[in-house]
>>> print(open('upload.txt').read())   # compact mmCIF, C-alpha atoms
# COMPACT_ATOMS: atom_id res chain seq x y z
CA MET A 1 62.12 60.79 -1.95
CA LYS A 2 58.78 61.95 -0.64
CA GLU A 3 57.95 64.18 2.30
CA MET A 4 55.08 64.25 4.72
CA PRO A 5 54.28 66.46 7.69
CA ILE A 6 54.74 65.30 11.26
CA ASP A 7 53.02 66.72 14.29
CA MET A 8 55.00 66.96 17.48
CA ILE A 9 52.80 66.17 20.48
CA SER A 10 54.73 66.72 23.73
CA GLY A 11 57.94 66.01 21.83
CA ILE A 12 56.63 62.81 20.20
CA PRO A 13 56.47 62.62 16.37
CA MET A 14 53.00 61.67 15.08
CA ILE A 15 51.84 61.01 11.51
CA TYR A 16 48.62 60.13 9.72
CA VAL A 17 48.60 56.65 8.22
CA HIS A 18 45.83 55.35 5.95
CA PHE A 19 44.61 51.76 6.12
CA TRP A 20 42.53 50.03 3.45
CA SER A 21 40.08 47.25 4.17
CA ARG A 22 38.72 45.00 1.43
CA LEU A 23 36.15 43.80 3.96
CA LYS A 24 34.59 47.25 4.33
CA ASN A 25 35.80 48.66 0.99
CA LYS A 26 37.07 51.83 2.66
CA TYR A 27 40.07 53.66 4.08
CA ARG A 28 40.54 54.77 7.64
CA SER A 29 43.10 57.38 8.63
CA ILE A 30 44.72 56.92 12.02
CA PHE A 31 47.07 59.26 13.86
CA LEU A 32 50.06 57.11 14.90
CA THR A 33 53.20 57.60 16.94
CA LEU A 34 56.38 57.20 14.88
CA ASP A 35 58.18 54.60 17.00
CA THR A 36 61.56 53.22 15.93
CA GLY A 37 61.61 51.27 19.19
CA ALA A 38 58.56 49.23 18.17
CA THR A 39 59.36 46.07 16.24
CA ILE A 40 55.84 45.70 14.82
CA THR A 41 53.25 48.34 13.94
CA THR A 42 50.49 48.18 16.53
CA ILE A 43 46.97 49.54 15.98
CA SER A 44 44.11 50.03 18.42
CA LYS A 45 41.55 47.24 18.47
CA ASP A 46 38.74 49.75 17.98
CA ALA A 47 40.29 51.06 14.74
CA LEU A 48 40.77 47.52 13.44
CA ARG A 49 37.17 46.61 14.26
CA ALA A 50 36.01 49.68 12.32
CA LEU A 51 37.90 48.29 9.31
CA GLY A 52 36.10 44.96 9.62
CA TYR A 53 38.74 42.96 11.45
CA VAL A 54 36.11 41.84 13.94
CA GLY A 55 38.01 39.26 15.97
CA CYS A 56 41.24 41.18 15.33
CA GLY A 57 43.20 38.05 14.48
CA LYS A 58 43.75 34.43 15.37
CA ASN A 59 47.44 34.42 16.33
CA LYS A 60 48.25 35.59 19.85
CA LYS A 61 51.68 37.16 20.29
CA ARG A 62 53.50 37.99 23.52
CA ILE A 63 54.93 41.51 23.61
CA THR A 64 56.68 43.67 26.16
CA THR A 65 55.30 47.19 26.65
CA ALA A 66 56.05 49.97 29.10
CA SER A 67 53.18 48.53 31.17
CA GLY A 68 54.63 45.01 31.18
CA ILE A 69 53.92 41.78 29.31
CA GLU A 70 50.82 41.81 27.07
CA TYR A 71 49.21 39.29 24.72
CA VAL A 72 47.98 40.77 21.46
CA ASP A 73 46.35 39.54 18.27
CA GLU A 74 48.24 39.57 14.97
CA VAL A 75 46.32 40.85 11.94
CA VAL A 76 47.44 41.24 8.32
CA LEU A 77 46.16 44.51 6.82
CA ASP A 78 45.33 44.68 3.11
CA LYS A 79 47.06 47.98 2.47
CA VAL A 80 48.93 50.67 4.43
CA MET A 81 49.53 54.09 2.87
CA PHE A 82 51.55 57.04 4.12
CA GLY A 83 53.87 59.65 2.66
CA GLY A 84 52.71 58.77 -0.86
CA PHE A 85 53.80 55.13 -0.53
CA GLU A 86 51.73 51.97 -0.38
CA LEU A 87 52.57 48.67 1.31
CA LEU A 88 50.47 45.52 0.86
CA ASP A 89 49.68 42.69 3.30
CA VAL A 90 51.23 44.35 6.35
CA PRO A 91 51.22 42.42 9.64
CA VAL A 92 50.21 44.49 12.67
CA TYR A 93 49.30 43.84 16.27
CA ALA A 94 45.88 44.71 17.72
CA HIS A 95 46.13 46.31 21.14
CA THR A 96 44.08 48.42 23.51
CA PHE A 97 46.15 51.46 24.47
CA PRO A 98 45.65 53.30 27.75
CA GLN A 99 43.35 56.33 27.39
CA GLU A 100 46.11 58.70 28.58
CA SER A 101 48.58 57.35 26.02
CA PHE A 102 49.83 59.54 23.16
CA SER A 103 49.67 56.32 21.13
CA SER A 104 45.95 55.75 21.55
CA GLY A 105 45.62 55.18 17.79
CA GLY A 106 48.74 53.08 17.68
CA VAL A 107 52.38 53.13 16.69
CA ILE A 108 54.03 52.73 13.31
CA GLY A 109 56.95 50.40 13.90
CA MET A 110 60.02 49.01 12.23
CA ASN A 111 58.22 46.35 10.17
CA VAL A 112 56.91 49.31 8.11
CA LEU A 113 59.67 51.90 8.57
CA SER A 114 62.48 49.49 7.60
CA ASN A 115 61.13 49.52 4.03
CA PHE A 116 62.46 53.08 3.74
CA ASP A 117 65.43 55.31 4.29
CA VAL A 118 63.96 57.72 6.82
CA PHE A 119 64.98 61.26 7.67
CA LEU A 120 63.22 63.26 10.37
CA SER A 121 63.51 67.02 10.49
CA PHE A 122 62.20 68.13 13.84
CA GLN A 123 62.84 71.79 13.02
CA ARG A 124 60.88 71.67 9.74
CA LYS A 125 58.38 69.09 11.10
CA ILE A 126 58.70 66.75 8.14
CA LEU A 127 59.40 63.10 7.54
CA GLN A 128 61.35 62.27 4.38
CA LEU A 129 60.97 58.76 2.97
CA THR A 130 62.88 56.99 0.22
CA LYS A 131 61.71 53.48 -0.65
CA VAL A 132 64.57 51.02 -0.26
CA GLY A 133 65.40 49.48 -3.63
CA ASP A 134 63.88 52.33 -5.68
>>> encode(input="upload.txt", output="structure tokens")
Amino acid sequence: MKEMPIDMISGIPMIYVHFWSRLKNKYRSIFLTLDTGATITTISKDALRALGYVGCGKNKKRITTASGIEYVDEVVLDKVMFGGFELLDVPVYAHTFPQESFSSGGVIGMNVLSNFDVFLSFQRKILQLTKVGD
């Protein structure tokens, strides 16, 4: 089990997630909303472009958001790191979030979180992760 801090922004849990790009040979840290209601992790198009995913993907996917139906690009990220764990070849959606959104960097969804047993302590402001199968 590993722990990482969470920030509570207006009651919403937020964490830093690190993304690696072979294209740019660098990491980028993005502040994401922890969202168990999101099926797929979704990252801002601007952040993905900064990592070298210029067109942000070739496969268009239809998703339902609080704003309605949207069409987004699917991208496979080389590496996602958070809480001391590393996941390879992670599919994410590229989306432009509204400026006023708490999720302007994106959301970490169930395609990532389901790899772990997850415990949130809102009082201690920590996220505990245990890799499933370890």
>>> residues_around(input="upload.txt", residues="Val72 of chain A", least_positions_apart="5", cutoff="12 Å", atoms="all atoms listed in the file", output="list in words")
Ile40, Thr41, Thr42, Ile43, Ser44, Lys45, Gly55, Cys56, Gly57, Lys58, Asn59, Lys60, Lys61, Arg62, Ile63, Thr64, Thr65, Val92, Tyr93, Ala94, His95, Thr96 and Phe97 of chain A
>>> atom_distance(input="upload.txt", atom1="atom CA of Glu3 of chain A", atom2="atom CA of Asp46 of chain A")
28.7 Å
>>> closest_atom_pairs(input="upload.txt", of="segment 25-105 of chain A", to="segment 120-133 of chain A", cutoff="10 Å", atoms="only C-alpha atoms", output="CSV")
residue,atom,partner,partner_atom,distance
A:Leu34,CA,A:Leu127,CA,9.9
A:Phe82,CA,A:Leu129,CA,9.6
A:Gly83,CA,A:Leu129,CA,7.2
A:Gly84,CA,A:Leu129,CA,9.1
A:Phe85,CA,A:Lys131,CA,8.1
>>> closest_residue(input="upload.txt", among="A:Val118, A:Thr33, A:Ser21, A:Glu74", to="Ile9 of chain A", atoms="only C-alpha atoms")
A:Thr33
>>> atom_distance(input="upload.txt", atom1="atom CA of Ala66 of chain A", atom2="atom CA of Ile6 of chain A")
23.6 Å
>>> atom_distance(input="upload.txt", atom1="atom CA of Leu23 of chain A", atom2="atom CA of Leu51 of chain A")
7.2 Å
>>> residues_around(input="upload.txt", residues="Met81 of chain A", least_positions_apart="6", cutoff="10 Å", atoms="only C-alpha atoms", output="ChimeraX atom specification")
/A:16-20,27,29,87-88
>>> closest_residue(input="upload.txt", among="A:Met8, A:Ile69, A:Ile15, A:Ile30", to="Ser104 of chain A", atoms="all atoms listed in the file")
A:Ile30
>>> closest_residue(input="upload.txt", among="A:Leu32, A:Leu48, A:Val107, A:Val112", to="Glu86 of chain A", atoms="only C-alpha atoms")
A:Val112
>>> build_atoms(input="upload.txt", residues="segment 90-126 of chain A", atoms="N, CA and C atoms", output="compact mmCIF listing (two decimals), keeping the file's coordinate frame")
# COMPACT_ATOMS: atom_id res chain seq x y z
N VAL A 90 50.36 43.93 5.25
CA VAL A 90 51.23 44.35 6.35
C VAL A 90 50.75 43.74 7.67
N PRO A 91 51.61 42.95 8.33
CA PRO A 91 51.22 42.42 9.64
C PRO A 91 51.29 43.51 10.71
N VAL A 92 50.26 43.55 11.55
CA VAL A 92 50.21 44.49 12.67
C VAL A 92 49.67 43.75 13.89
N TYR A 93 49.89 44.35 15.04
CA TYR A 93 49.30 43.84 16.27
C TYR A 93 48.10 44.68 16.64
N ALA A 94 47.08 44.03 17.21
CA ALA A 94 45.88 44.71 17.72
C ALA A 94 46.04 44.84 19.23
N HIS A 95 45.89 46.06 19.73
CA HIS A 95 46.13 46.31 21.14
C HIS A 95 45.20 47.41 21.63
N THR A 96 44.84 47.35 22.89
CA THR A 96 44.08 48.42 23.51
C THR A 96 45.06 49.30 24.28
N PHE A 97 45.21 50.53 23.83
CA PHE A 97 46.15 51.46 24.47
C PHE A 97 45.47 52.18 25.62
N PRO A 98 46.23 52.52 26.66
CA PRO A 98 45.65 53.30 27.75
C PRO A 98 45.11 54.63 27.24
N GLN A 99 44.00 55.09 27.82
CA GLN A 99 43.35 56.33 27.39
C GLN A 99 44.31 57.52 27.42
N GLU A 100 45.19 57.57 28.43
CA GLU A 100 46.11 58.70 28.58
C GLU A 100 47.33 58.61 27.67
N SER A 101 47.42 57.57 26.88
CA SER A 101 48.58 57.35 26.02
C SER A 101 48.55 58.27 24.81
N PHE A 102 49.72 58.77 24.40
CA PHE A 102 49.83 59.54 23.16
C PHE A 102 49.62 58.61 21.97
N SER A 103 49.77 57.32 22.19
CA SER A 103 49.67 56.32 21.13
C SER A 103 48.30 55.68 21.07
N SER A 104 47.25 56.39 21.47
CA SER A 104 45.95 55.75 21.55
C SER A 104 45.48 55.18 20.22
N GLY A 105 45.94 55.75 19.09
CA GLY A 105 45.62 55.18 17.79
C GLY A 105 46.55 54.05 17.42
N GLY A 106 47.76 54.12 17.95
CA GLY A 106 48.74 53.08 17.68
C GLY A 106 50.12 53.65 17.42
N VAL A 107 51.01 52.75 17.02
CA VAL A 107 52.38 53.13 16.69
C VAL A 107 52.76 52.52 15.35
N ILE A 108 53.49 53.28 14.55
CA ILE A 108 54.03 52.73 13.31
C ILE A 108 55.45 52.29 13.63
N GLY A 109 55.70 51.00 13.46
CA GLY A 109 56.95 50.40 13.90
C GLY A 109 57.89 50.03 12.78
N MET A 110 58.93 49.32 13.14
CA MET A 110 60.02 49.01 12.23
C MET A 110 59.65 48.05 11.10
N ASN A 111 58.61 47.22 11.28
CA ASN A 111 58.22 46.35 10.17
C ASN A 111 57.74 47.18 8.97
N VAL A 112 57.28 48.40 9.20
CA VAL A 112 56.91 49.31 8.11
C VAL A 112 58.06 50.25 7.78
N LEU A 113 58.63 50.89 8.81
CA LEU A 113 59.67 51.90 8.57
C LEU A 113 60.93 51.33 7.92
N SER A 114 61.25 50.06 8.16
CA SER A 114 62.48 49.49 7.60
C SER A 114 62.41 49.29 6.09
N ASN A 115 61.25 49.54 5.49
CA ASN A 115 61.13 49.52 4.03
C ASN A 115 61.67 50.80 3.40
N PHE A 116 62.08 51.75 4.22
CA PHE A 116 62.46 53.08 3.74
C PHE A 116 63.78 53.54 4.36
N ASP A 117 64.45 54.44 3.66
CA ASP A 117 65.43 55.31 4.29
C ASP A 117 64.61 56.46 4.84
N VAL A 118 64.80 56.74 6.12
CA VAL A 118 63.96 57.72 6.82
C VAL A 118 64.81 58.86 7.33
N PHE A 119 64.34 60.09 7.11
CA PHE A 119 64.98 61.26 7.67
C PHE A 119 63.92 62.10 8.35
N LEU A 120 64.13 62.41 9.62
CA LEU A 120 63.22 63.26 10.37
C LEU A 120 63.83 64.64 10.56
N SER A 121 63.09 65.66 10.19
CA SER A 121 63.51 67.02 10.49
C SER A 121 62.55 67.56 11.54
N PHE A 122 63.04 67.63 12.77
CA PHE A 122 62.20 68.13 13.84
C PHE A 122 61.98 69.63 13.71
N GLN A 123 62.97 70.34 13.19
CA GLN A 123 62.84 71.79 13.02
C GLN A 123 61.80 72.14 11.95
N ARG A 124 61.81 71.40 10.85
CA ARG A 124 60.88 71.67 9.74
C ARG A 124 59.58 70.86 9.88
N LYS A 125 59.55 69.94 10.84
CA LYS A 125 58.38 69.09 11.10
C LYS A 125 57.96 68.31 9.86
N ILE A 126 58.97 67.61 9.29
CA ILE A 126 58.70 66.75 8.14
C ILE A 126 59.40 65.41 8.30
